[in-house]
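Undergrad: Structure file coords.cif, mmCIF, N, CA and C atoms, is pasted below:
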```cif
data_run
#
loop_
_atom_site.label_atom_id
_atom_site.label_comp_id
_atom_site.auth_asym_id
_atom_site.auth_seq_id
_atom_site.Cartn_x
_atom_site.Cartn_y
_atom_site.Cartn_z
N MET A 165 28.78 15.42 -19.80
CA MET A 165 29.31 15.33 -18.46
C MET A 165 28.17 15.24 -17.46
N LEU A 166 28.29 14.30 -16.49
CA LEU A 166 27.26 14.12 -15.48
C LEU A 166 27.33 15.24 -14.45
N PRO A 167 26.17 15.67 -13.95
CA PRO A 167 26.19 16.66 -12.88
C PRO A 167 26.84 16.09 -11.63
N GLN A 168 27.34 16.98 -10.80
CA GLN A 168 27.97 16.58 -9.54
C GLN A 168 26.95 15.85 -8.66
N LYS A 169 27.34 14.73 -8.08
CA LYS A 169 26.46 13.97 -7.20
C LYS A 169 26.35 14.67 -5.85
N SER A 170 25.13 14.74 -5.33
CA SER A 170 24.98 15.30 -3.99
C SER A 170 25.30 14.22 -2.97
N GLY A 171 25.75 14.63 -1.81
CA GLY A 171 26.06 13.68 -0.75
C GLY A 171 24.85 12.86 -0.34
N ASN A 172 23.66 13.48 -0.38
CA ASN A 172 22.45 12.78 0.04
C ASN A 172 22.14 11.58 -0.84
N ILE A 173 22.24 11.77 -2.15
CA ILE A 173 21.90 10.66 -3.04
C ILE A 173 22.94 9.54 -2.94
N VAL A 174 24.18 9.89 -2.70
CA VAL A 174 25.22 8.87 -2.54
C VAL A 174 24.97 8.09 -1.25
N GLU A 175 24.68 8.79 -0.15
CA GLU A 175 24.37 8.13 1.12
C GLU A 175 23.14 7.25 0.98
N PHE A 176 22.13 7.75 0.27
CA PHE A 176 20.92 6.97 0.04
C PHE A 176 21.27 5.69 -0.71
N GLY A 177 22.10 5.80 -1.72
CA GLY A 177 22.50 4.63 -2.50
C GLY A 177 23.23 3.59 -1.68
N VAL A 178 24.10 4.04 -0.79
CA VAL A 178 24.83 3.12 0.09
C VAL A 178 23.84 2.39 0.99
N ARG A 179 22.89 3.13 1.56
CA ARG A 179 21.90 2.51 2.44
C ARG A 179 20.96 1.60 1.66
N LEU A 180 20.66 1.95 0.41
CA LEU A 180 19.83 1.09 -0.43
C LEU A 180 20.51 -0.26 -0.65
N ARG A 181 21.80 -0.22 -0.94
CA ARG A 181 22.55 -1.47 -1.11
C ARG A 181 22.53 -2.28 0.18
N GLU A 182 22.71 -1.62 1.33
CA GLU A 182 22.68 -2.31 2.62
C GLU A 182 21.31 -2.96 2.86
N GLU A 183 20.25 -2.25 2.52
CA GLU A 183 18.90 -2.81 2.69
C GLU A 183 18.70 -4.01 1.76
N ARG A 184 19.15 -3.90 0.53
CA ARG A 184 19.02 -5.02 -0.41
C ARG A 184 19.74 -6.25 0.14
N GLU A 185 20.94 -6.05 0.65
CA GLU A 185 21.71 -7.15 1.20
C GLU A 185 21.05 -7.71 2.46
N ARG A 186 20.49 -6.84 3.30
CA ARG A 186 19.78 -7.29 4.50
C ARG A 186 18.60 -8.17 4.13
N LEU A 187 17.94 -7.82 3.03
CA LEU A 187 16.79 -8.59 2.57
C LEU A 187 17.20 -9.88 1.84
N GLY A 188 18.51 -10.04 1.59
CA GLY A 188 19.00 -11.25 0.94
C GLY A 188 18.73 -11.29 -0.55
N LEU A 189 18.68 -10.12 -1.18
CA LEU A 189 18.38 -10.03 -2.61
C LEU A 189 19.60 -9.58 -3.39
N ASN A 190 19.70 -10.03 -4.64
CA ASN A 190 20.73 -9.49 -5.52
C ASN A 190 20.12 -8.28 -6.24
N GLN A 191 20.93 -7.59 -7.03
CA GLN A 191 20.44 -6.37 -7.70
C GLN A 191 19.30 -6.67 -8.66
N THR A 192 19.36 -7.79 -9.35
CA THR A 192 18.29 -8.14 -10.29
C THR A 192 16.98 -8.33 -9.54
N GLU A 193 17.01 -9.08 -8.44
CA GLU A 193 15.80 -9.36 -7.66
C GLU A 193 15.22 -8.09 -7.05
N MET A 194 16.06 -7.25 -6.49
CA MET A 194 15.60 -6.01 -5.89
C MET A 194 15.02 -5.09 -6.96
N GLY A 195 15.72 -5.01 -8.10
CA GLY A 195 15.22 -4.19 -9.19
C GLY A 195 13.87 -4.66 -9.68
N GLU A 196 13.72 -5.98 -9.86
CA GLU A 196 12.44 -6.53 -10.32
C GLU A 196 11.33 -6.22 -9.32
N ALA A 197 11.63 -6.35 -8.03
CA ALA A 197 10.64 -6.05 -7.00
C ALA A 197 10.22 -4.59 -7.07
N GLY A 198 11.14 -3.71 -7.47
CA GLY A 198 10.85 -2.29 -7.57
C GLY A 198 10.39 -1.85 -8.95
N GLY A 199 10.28 -2.82 -9.88
CA GLY A 199 9.79 -2.50 -11.22
C GLY A 199 10.84 -1.93 -12.15
N VAL A 200 12.14 -2.16 -11.83
CA VAL A 200 13.22 -1.67 -12.70
C VAL A 200 14.18 -2.83 -13.00
N ASN A 201 15.09 -2.59 -13.92
CA ASN A 201 16.07 -3.63 -14.25
C ASN A 201 17.31 -3.51 -13.36
N ARG A 202 18.22 -4.48 -13.48
CA ARG A 202 19.43 -4.53 -12.67
C ARG A 202 20.28 -3.29 -12.87
N SER A 203 20.34 -2.81 -14.10
CA SER A 203 21.15 -1.63 -14.40
C SER A 203 20.66 -0.40 -13.62
N SER A 204 19.35 -0.20 -13.59
CA SER A 204 18.79 0.92 -12.82
C SER A 204 19.06 0.75 -11.35
N GLN A 205 18.92 -0.48 -10.85
CA GLN A 205 19.20 -0.75 -9.44
C GLN A 205 20.64 -0.37 -9.10
N SER A 206 21.55 -0.73 -9.98
CA SER A 206 22.96 -0.40 -9.78
C SER A 206 23.17 1.11 -9.75
N LEU A 207 22.51 1.83 -10.65
CA LEU A 207 22.63 3.30 -10.67
C LEU A 207 22.11 3.91 -9.38
N TYR A 208 21.01 3.38 -8.85
CA TYR A 208 20.48 3.89 -7.58
C TYR A 208 21.48 3.67 -6.46
N GLU A 209 22.05 2.46 -6.41
CA GLU A 209 22.96 2.11 -5.32
C GLU A 209 24.27 2.89 -5.38
N ARG A 210 24.68 3.29 -6.57
CA ARG A 210 25.91 4.07 -6.70
C ARG A 210 25.66 5.56 -6.56
N GLY A 211 24.39 5.95 -6.40
CA GLY A 211 24.07 7.36 -6.24
C GLY A 211 24.17 8.15 -7.52
N VAL A 212 24.09 7.44 -8.65
CA VAL A 212 24.17 8.11 -9.95
C VAL A 212 22.80 8.60 -10.37
N SER A 213 21.76 7.88 -9.99
CA SER A 213 20.41 8.19 -10.39
C SER A 213 19.49 8.05 -9.19
N ALA A 214 18.43 8.85 -9.17
CA ALA A 214 17.45 8.78 -8.09
C ALA A 214 16.30 7.87 -8.50
N CYS A 215 15.80 7.10 -7.56
CA CYS A 215 14.68 6.21 -7.86
C CYS A 215 13.36 6.97 -7.76
N SER A 216 12.33 6.35 -8.29
CA SER A 216 10.99 6.97 -8.29
C SER A 216 10.25 6.62 -7.01
N ILE A 217 9.17 7.35 -6.77
CA ILE A 217 8.32 7.07 -5.62
C ILE A 217 7.68 5.69 -5.77
N ASP A 218 7.36 5.29 -6.99
CA ASP A 218 6.79 3.96 -7.23
C ASP A 218 7.78 2.89 -6.79
N TYR A 219 9.04 3.08 -7.10
CA TYR A 219 10.08 2.13 -6.69
C TYR A 219 10.10 2.02 -5.17
N LEU A 220 10.03 3.15 -4.49
CA LEU A 220 10.07 3.16 -3.03
C LEU A 220 8.88 2.44 -2.42
N PHE A 221 7.69 2.64 -3.00
CA PHE A 221 6.51 1.92 -2.50
C PHE A 221 6.70 0.41 -2.64
N MET A 222 7.24 -0.02 -3.78
CA MET A 222 7.47 -1.45 -3.99
C MET A 222 8.55 -1.97 -3.04
N ALA A 223 9.59 -1.19 -2.83
CA ALA A 223 10.66 -1.61 -1.91
C ALA A 223 10.09 -1.77 -0.51
N ARG A 224 9.22 -0.89 -0.11
CA ARG A 224 8.59 -0.97 1.22
C ARG A 224 7.78 -2.24 1.36
N ARG A 225 7.08 -2.62 0.29
CA ARG A 225 6.26 -3.85 0.34
C ARG A 225 7.08 -5.10 0.57
N ILE A 226 8.34 -5.10 0.13
CA ILE A 226 9.16 -6.30 0.33
C ILE A 226 10.00 -6.21 1.60
N GLY A 227 9.79 -5.16 2.37
CA GLY A 227 10.43 -5.08 3.67
C GLY A 227 11.55 -4.08 3.82
N ALA A 228 11.81 -3.27 2.80
CA ALA A 228 12.86 -2.26 2.94
C ALA A 228 12.43 -1.22 3.98
N ASP A 229 13.36 -0.80 4.78
CA ASP A 229 13.14 0.17 5.84
C ASP A 229 13.34 1.57 5.25
N LEU A 230 12.24 2.23 4.88
CA LEU A 230 12.34 3.55 4.25
C LEU A 230 12.91 4.59 5.19
N GLU A 231 12.60 4.49 6.47
CA GLU A 231 13.17 5.44 7.41
C GLU A 231 14.70 5.36 7.38
N TYR A 232 15.22 4.15 7.34
CA TYR A 232 16.66 3.97 7.28
C TYR A 232 17.22 4.51 5.96
N LEU A 233 16.54 4.24 4.86
CA LEU A 233 17.02 4.71 3.56
C LEU A 233 17.17 6.23 3.55
N PHE A 234 16.21 6.93 4.13
CA PHE A 234 16.24 8.39 4.09
C PHE A 234 17.06 9.04 5.19
N THR A 235 17.09 8.42 6.36
CA THR A 235 17.73 9.09 7.50
C THR A 235 18.97 8.39 8.04
N GLY A 236 19.11 7.12 7.72
CA GLY A 236 20.20 6.34 8.30
C GLY A 236 19.87 5.81 9.68
N ILE A 237 18.63 6.04 10.13
CA ILE A 237 18.17 5.54 11.43
C ILE A 237 17.17 4.43 11.17
N ARG A 238 17.41 3.30 11.77
CA ARG A 238 16.53 2.15 11.58
C ARG A 238 15.16 2.41 12.16
N GLY A 239 14.12 2.18 11.37
CA GLY A 239 12.76 2.22 11.86
C GLY A 239 12.49 0.94 12.62
N GLY A 240 11.56 0.98 13.54
CA GLY A 240 11.25 -0.22 14.30
C GLY A 240 12.42 -0.70 15.13
N ALA A 241 13.24 0.24 15.60
CA ALA A 241 14.43 -0.12 16.37
C ALA A 241 14.07 -0.85 17.65
N ASP A 242 12.80 -0.74 18.07
CA ASP A 242 12.39 -1.43 19.27
C ASP A 242 12.04 -2.89 19.01
N LEU A 243 12.09 -3.33 17.75
CA LEU A 243 11.82 -4.73 17.41
C LEU A 243 13.07 -5.57 17.62
N SER A 244 12.86 -6.79 18.13
CA SER A 244 13.98 -7.72 18.22
C SER A 244 14.30 -8.21 16.80
N GLU A 245 15.43 -8.86 16.65
CA GLU A 245 15.80 -9.39 15.34
C GLU A 245 14.74 -10.38 14.86
N ARG A 246 14.26 -11.19 15.78
CA ARG A 246 13.24 -12.19 15.44
C ARG A 246 11.94 -11.51 14.99
N GLU A 247 11.54 -10.46 15.69
CA GLU A 247 10.33 -9.73 15.30
C GLU A 247 10.51 -9.06 13.94
N GLY A 248 11.70 -8.53 13.70
CA GLY A 248 11.99 -7.92 12.41
C GLY A 248 11.90 -8.91 11.27
N GLU A 249 12.41 -10.12 11.49
CA GLU A 249 12.33 -11.17 10.47
C GLU A 249 10.88 -11.53 10.18
N LEU A 250 10.08 -11.64 11.24
CA LEU A 250 8.66 -11.96 11.07
C LEU A 250 7.95 -10.86 10.29
N LEU A 251 8.23 -9.62 10.64
CA LEU A 251 7.60 -8.49 9.96
C LEU A 251 8.00 -8.44 8.48
N ALA A 252 9.28 -8.66 8.19
CA ALA A 252 9.74 -8.65 6.80
C ALA A 252 9.05 -9.75 5.99
N ALA A 253 8.92 -10.94 6.57
CA ALA A 253 8.25 -12.04 5.87
C ALA A 253 6.76 -11.72 5.68
N PHE A 254 6.14 -11.15 6.70
CA PHE A 254 4.73 -10.78 6.63
C PHE A 254 4.47 -9.81 5.48
N ARG A 255 5.38 -8.86 5.31
CA ARG A 255 5.21 -7.85 4.26
C ARG A 255 5.32 -8.43 2.85
N LEU A 256 5.92 -9.58 2.72
CA LEU A 256 6.04 -10.23 1.42
C LEU A 256 4.74 -10.91 1.00
N LEU A 257 3.84 -11.13 1.94
CA LEU A 257 2.60 -11.84 1.68
C LEU A 257 1.56 -10.93 1.04
N GLY A 258 0.65 -11.54 0.30
CA GLY A 258 -0.48 -10.82 -0.26
C GLY A 258 -1.49 -10.51 0.85
N ASP A 259 -2.48 -9.69 0.54
CA ASP A 259 -3.46 -9.27 1.53
C ASP A 259 -4.18 -10.45 2.18
N GLY A 260 -4.62 -11.40 1.38
CA GLY A 260 -5.34 -12.56 1.92
C GLY A 260 -4.49 -13.37 2.86
N ASP A 261 -3.23 -13.60 2.49
CA ASP A 261 -2.32 -14.35 3.36
C ASP A 261 -2.01 -13.58 4.63
N GLN A 262 -1.90 -12.25 4.53
CA GLN A 262 -1.67 -11.45 5.73
C GLN A 262 -2.84 -11.59 6.69
N GLU A 263 -4.06 -11.58 6.16
CA GLU A 263 -5.24 -11.75 7.02
C GLU A 263 -5.22 -13.11 7.70
N ALA A 264 -4.81 -14.15 6.97
CA ALA A 264 -4.72 -15.49 7.56
C ALA A 264 -3.70 -15.53 8.69
N VAL A 265 -2.55 -14.89 8.48
CA VAL A 265 -1.52 -14.85 9.52
C VAL A 265 -2.03 -14.11 10.75
N ILE A 266 -2.76 -13.04 10.55
CA ILE A 266 -3.32 -12.29 11.67
C ILE A 266 -4.29 -13.17 12.46
N ARG A 267 -5.15 -13.92 11.76
CA ARG A 267 -6.10 -14.79 12.45
C ARG A 267 -5.36 -15.87 13.24
N VAL A 268 -4.33 -16.48 12.63
CA VAL A 268 -3.58 -17.53 13.32
C VAL A 268 -2.86 -16.98 14.55
N THR A 269 -2.17 -15.85 14.40
CA THR A 269 -1.43 -15.31 15.54
C THR A 269 -2.38 -14.84 16.65
N ASN A 270 -3.51 -14.29 16.28
CA ASN A 270 -4.49 -13.91 17.30
C ASN A 270 -5.00 -15.13 18.04
N GLY A 271 -5.24 -16.20 17.30
CA GLY A 271 -5.68 -17.44 17.93
C GLY A 271 -4.63 -18.00 18.87
N LEU A 272 -3.38 -18.03 18.43
CA LEU A 272 -2.31 -18.52 19.29
C LEU A 272 -2.11 -17.64 20.51
N ALA A 273 -2.18 -16.34 20.32
CA ALA A 273 -2.03 -15.42 21.45
C ALA A 273 -3.17 -15.60 22.44
N GLY A 274 -4.37 -15.86 21.93
CA GLY A 274 -5.52 -16.11 22.80
C GLY A 274 -5.35 -17.36 23.63
N LEU A 275 -4.70 -18.39 23.04
CA LEU A 275 -4.43 -19.61 23.80
C LEU A 275 -3.41 -19.35 24.89
N ALA A 276 -2.42 -18.52 24.57
CA ALA A 276 -1.36 -18.23 25.54
C ALA A 276 -1.86 -17.31 26.65
N MET A 277 -2.75 -16.40 26.31
CA MET A 277 -3.26 -15.43 27.28
C MET A 277 -4.78 -15.34 27.12
N PRO A 278 -5.53 -16.32 27.60
CA PRO A 278 -6.97 -16.37 27.33
C PRO A 278 -7.75 -15.16 27.82
N SER A 279 -7.27 -14.45 28.81
CA SER A 279 -8.03 -13.31 29.33
C SER A 279 -7.81 -12.04 28.54
N ARG A 280 -6.88 -12.08 27.60
CA ARG A 280 -6.53 -10.86 26.86
C ARG A 280 -7.08 -10.93 25.44
N GLN A 281 -7.84 -9.92 25.04
CA GLN A 281 -8.33 -9.83 23.67
C GLN A 281 -7.27 -9.16 22.83
N VAL A 282 -6.73 -9.86 21.83
CA VAL A 282 -5.63 -9.34 21.04
C VAL A 282 -6.13 -8.54 19.85
N HIS A 283 -7.19 -8.99 19.23
CA HIS A 283 -7.71 -8.36 18.02
C HIS A 283 -9.21 -8.19 18.21
N SER A 284 -9.85 -7.44 17.38
CA SER A 284 -11.28 -7.24 17.52
C SER A 284 -12.01 -8.59 17.48
N PRO A 285 -13.10 -8.70 18.22
CA PRO A 285 -13.80 -9.97 18.27
C PRO A 285 -14.36 -10.35 16.91
N ARG A 286 -14.46 -11.66 16.70
CA ARG A 286 -15.00 -12.17 15.44
C ARG A 286 -16.47 -11.81 15.37
N ARG A 287 -16.89 -11.38 14.19
CA ARG A 287 -18.28 -11.03 13.98
C ARG A 287 -19.13 -12.28 13.96
N LYS A 288 -20.23 -12.27 14.67
CA LYS A 288 -21.13 -13.42 14.67
C LYS A 288 -22.02 -13.36 13.44
N PHE A 289 -22.27 -14.53 12.89
CA PHE A 289 -23.10 -14.63 11.71
C PHE A 289 -24.51 -15.06 12.14
N ARG A 290 -25.47 -14.81 11.27
CA ARG A 290 -26.86 -15.16 11.56
C ARG A 290 -26.95 -16.63 11.94
N GLY A 291 -27.63 -16.90 13.02
CA GLY A 291 -27.81 -18.28 13.47
C GLY A 291 -26.78 -18.72 14.50
N GLU A 292 -25.69 -17.95 14.69
CA GLU A 292 -24.67 -18.31 15.68
C GLU A 292 -25.08 -17.75 17.04
N THR A 293 -24.68 -18.45 18.07
CA THR A 293 -24.96 -17.94 19.41
C THR A 293 -23.71 -17.47 20.08
#
```
If you took the structure in this file and wrote it as structure tokens, what would it be?

TA:
Amino acid sequence: MLPQKSGNIVEFGVRLREERERLGLNQTEMGEAGGVNRSSQSLYERGVSACSIDYLFMARRIGADLEYLFTGIRGGADLSEREGELLAAFRLLGDGDQEAVIRVTNGLAGLAMPSRQVHSPRRKFRGET
């Protein structure tokens, strides 16, 4: 016989399913992103089983809102929908691609607002003036 489910794990599971759907993933895709199979993902979403901290770190990397999962309150609530989409896509990128996106957006922001320094200045290399 399974132990009685706590309300917290059931609520967490419901929010996990909502986050998966918000990210546009099916259970197999979300499970793979978190290092588990579809069956484990289903158990998490139904509140039958608790996920590991490793799973949560991986879920965060693909854009899951951990604050929402734990509290039911959306993190980054001050972000517009468009900003949230950009942030979720950014989090899917590897470190090198994230650095490239930062350089591009800083460059574009500099063109839009030339008097404002958005990111730390580029380091000068030997021989540059």

Undergrad: Can you turn the PyMOL selection byres (((chain A and resi 209-222 and name CA) around 7) and name CA) into a concrete residue list for this file, as number ranges by chain?

TA: A: 169, 173-174, 177-178, 180-181, 197-199, 205-208, 223-226

Undergrad: Would you put the residues from that selection into a file with N, CA and C atoms, as a compact mmCIF listing (two decimals), in the coordinates of the input?

TA:
```
# COMPACT_ATOMS: atom_id res chain seq x y z
N LYS A 169 27.34 14.73 -8.08
CA LYS A 169 26.46 13.97 -7.20
C LYS A 169 26.35 14.67 -5.85
N ILE A 173 22.24 11.77 -2.15
CA ILE A 173 21.90 10.66 -3.04
C ILE A 173 22.94 9.54 -2.94
N VAL A 174 24.18 9.89 -2.70
CA VAL A 174 25.22 8.87 -2.54
C VAL A 174 24.97 8.09 -1.25
N GLY A 177 22.10 5.80 -1.72
CA GLY A 177 22.50 4.63 -2.50
C GLY A 177 23.23 3.59 -1.68
N VAL A 178 24.10 4.04 -0.79
CA VAL A 178 24.83 3.12 0.09
C VAL A 178 23.84 2.39 0.99
N LEU A 180 20.66 1.95 0.41
CA LEU A 180 19.83 1.09 -0.43
C LEU A 180 20.51 -0.26 -0.65
N ARG A 181 21.80 -0.22 -0.94
CA ARG A 181 22.55 -1.47 -1.11
C ARG A 181 22.53 -2.28 0.18
N ALA A 197 11.63 -6.35 -8.03
CA ALA A 197 10.64 -6.05 -7.00
C ALA A 197 10.22 -4.59 -7.07
N GLY A 198 11.14 -3.71 -7.47
CA GLY A 198 10.85 -2.29 -7.57
C GLY A 198 10.39 -1.85 -8.95
N GLY A 199 10.28 -2.82 -9.88
CA GLY A 199 9.79 -2.50 -11.22
C GLY A 199 10.84 -1.93 -12.15
N GLN A 205 18.92 -0.48 -10.85
CA GLN A 205 19.20 -0.75 -9.44
C GLN A 205 20.64 -0.37 -9.10
N SER A 206 21.55 -0.73 -9.98
CA SER A 206 22.96 -0.40 -9.78
C SER A 206 23.17 1.11 -9.75
N LEU A 207 22.51 1.83 -10.65
CA LEU A 207 22.63 3.30 -10.67
C LEU A 207 22.11 3.91 -9.38
N TYR A 208 21.01 3.38 -8.85
CA TYR A 208 20.48 3.89 -7.58
C TYR A 208 21.48 3.67 -6.46
N ALA A 223 9.59 -1.19 -2.83
CA ALA A 223 10.66 -1.61 -1.91
C ALA A 223 10.09 -1.77 -0.51
N ARG A 224 9.22 -0.89 -0.11
CA ARG A 224 8.59 -0.97 1.22
C ARG A 224 7.78 -2.24 1.36
N ARG A 225 7.08 -2.62 0.29
CA ARG A 225 6.26 -3.85 0.34
C ARG A 225 7.08 -5.10 0.57
N ILE A 226 8.34 -5.10 0.13
CA ILE A 226 9.16 -6.30 0.33
C ILE A 226 10.00 -6.21 1.60
```

Undergrad: Mind pulling up the distance from atom CA of A:Leu233 to atom N of A:Thr192?

TA: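 Interatomic distance, atom N of A:Thr192 to atom CA of A:Leu233: 18.1 Å.
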
Undergrad: Rounded to one decimal, what separation in Å do you get between atom CA of A:Glu183 and atom C of A:Gly236?

TA: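 If I compute the distance from atom CA of A:Glu183 to atom C of A:Gly236, I get 11.1 Å.
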
Undergrad: Residues at most 8 Å from A:Tyr232, counting all atoms listed in the file, excluding those fewer than 4 positions away in the same chain, as a VMD selection string?

TA: chain A and resid 176 179 to 180 228 236 to 240

Undergrad: Give the answer as one residue: which of A:Phe234, A:Gly188, A:Arg246, A:Glu193 has the shortest atom-to-atom distance to A:Asn172, using only C-alpha atoms?

TA: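 Among A:Phe234, A:Gly188, A:Arg246, A:Glu193, it is A:Phe234 that comes nearest to A:Asn172.
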
Undergrad: Which one of A:Gly227, A:Glu175, A:Val268, A:Thr235 sits closest to A:Leu250 if you count only C-alpha atoms?

TA: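 Between A:Gly227, A:Glu175, A:Val268, A:Thr235, the residue approaching A:Leu250 most closely is A:Gly227.
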
Undergrad: Just to confirm, what's the straight-line distance from atom CA of A:Asp229 to atom CA of A:Leu256 in Å (one decimal)?

TA: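 That distance, rounded to one decimal, is 13.3 Å.
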
Undergrad: Enumerate the residues of stretch 183-248 of chain A with a DSSP assignment of alpha helix (DSSP H), computed from the backbone, and present them as an MDAnalysis selection string.

TA: chainID A and resid 183:186 191:197 202:209 217:225 230:235 245:248
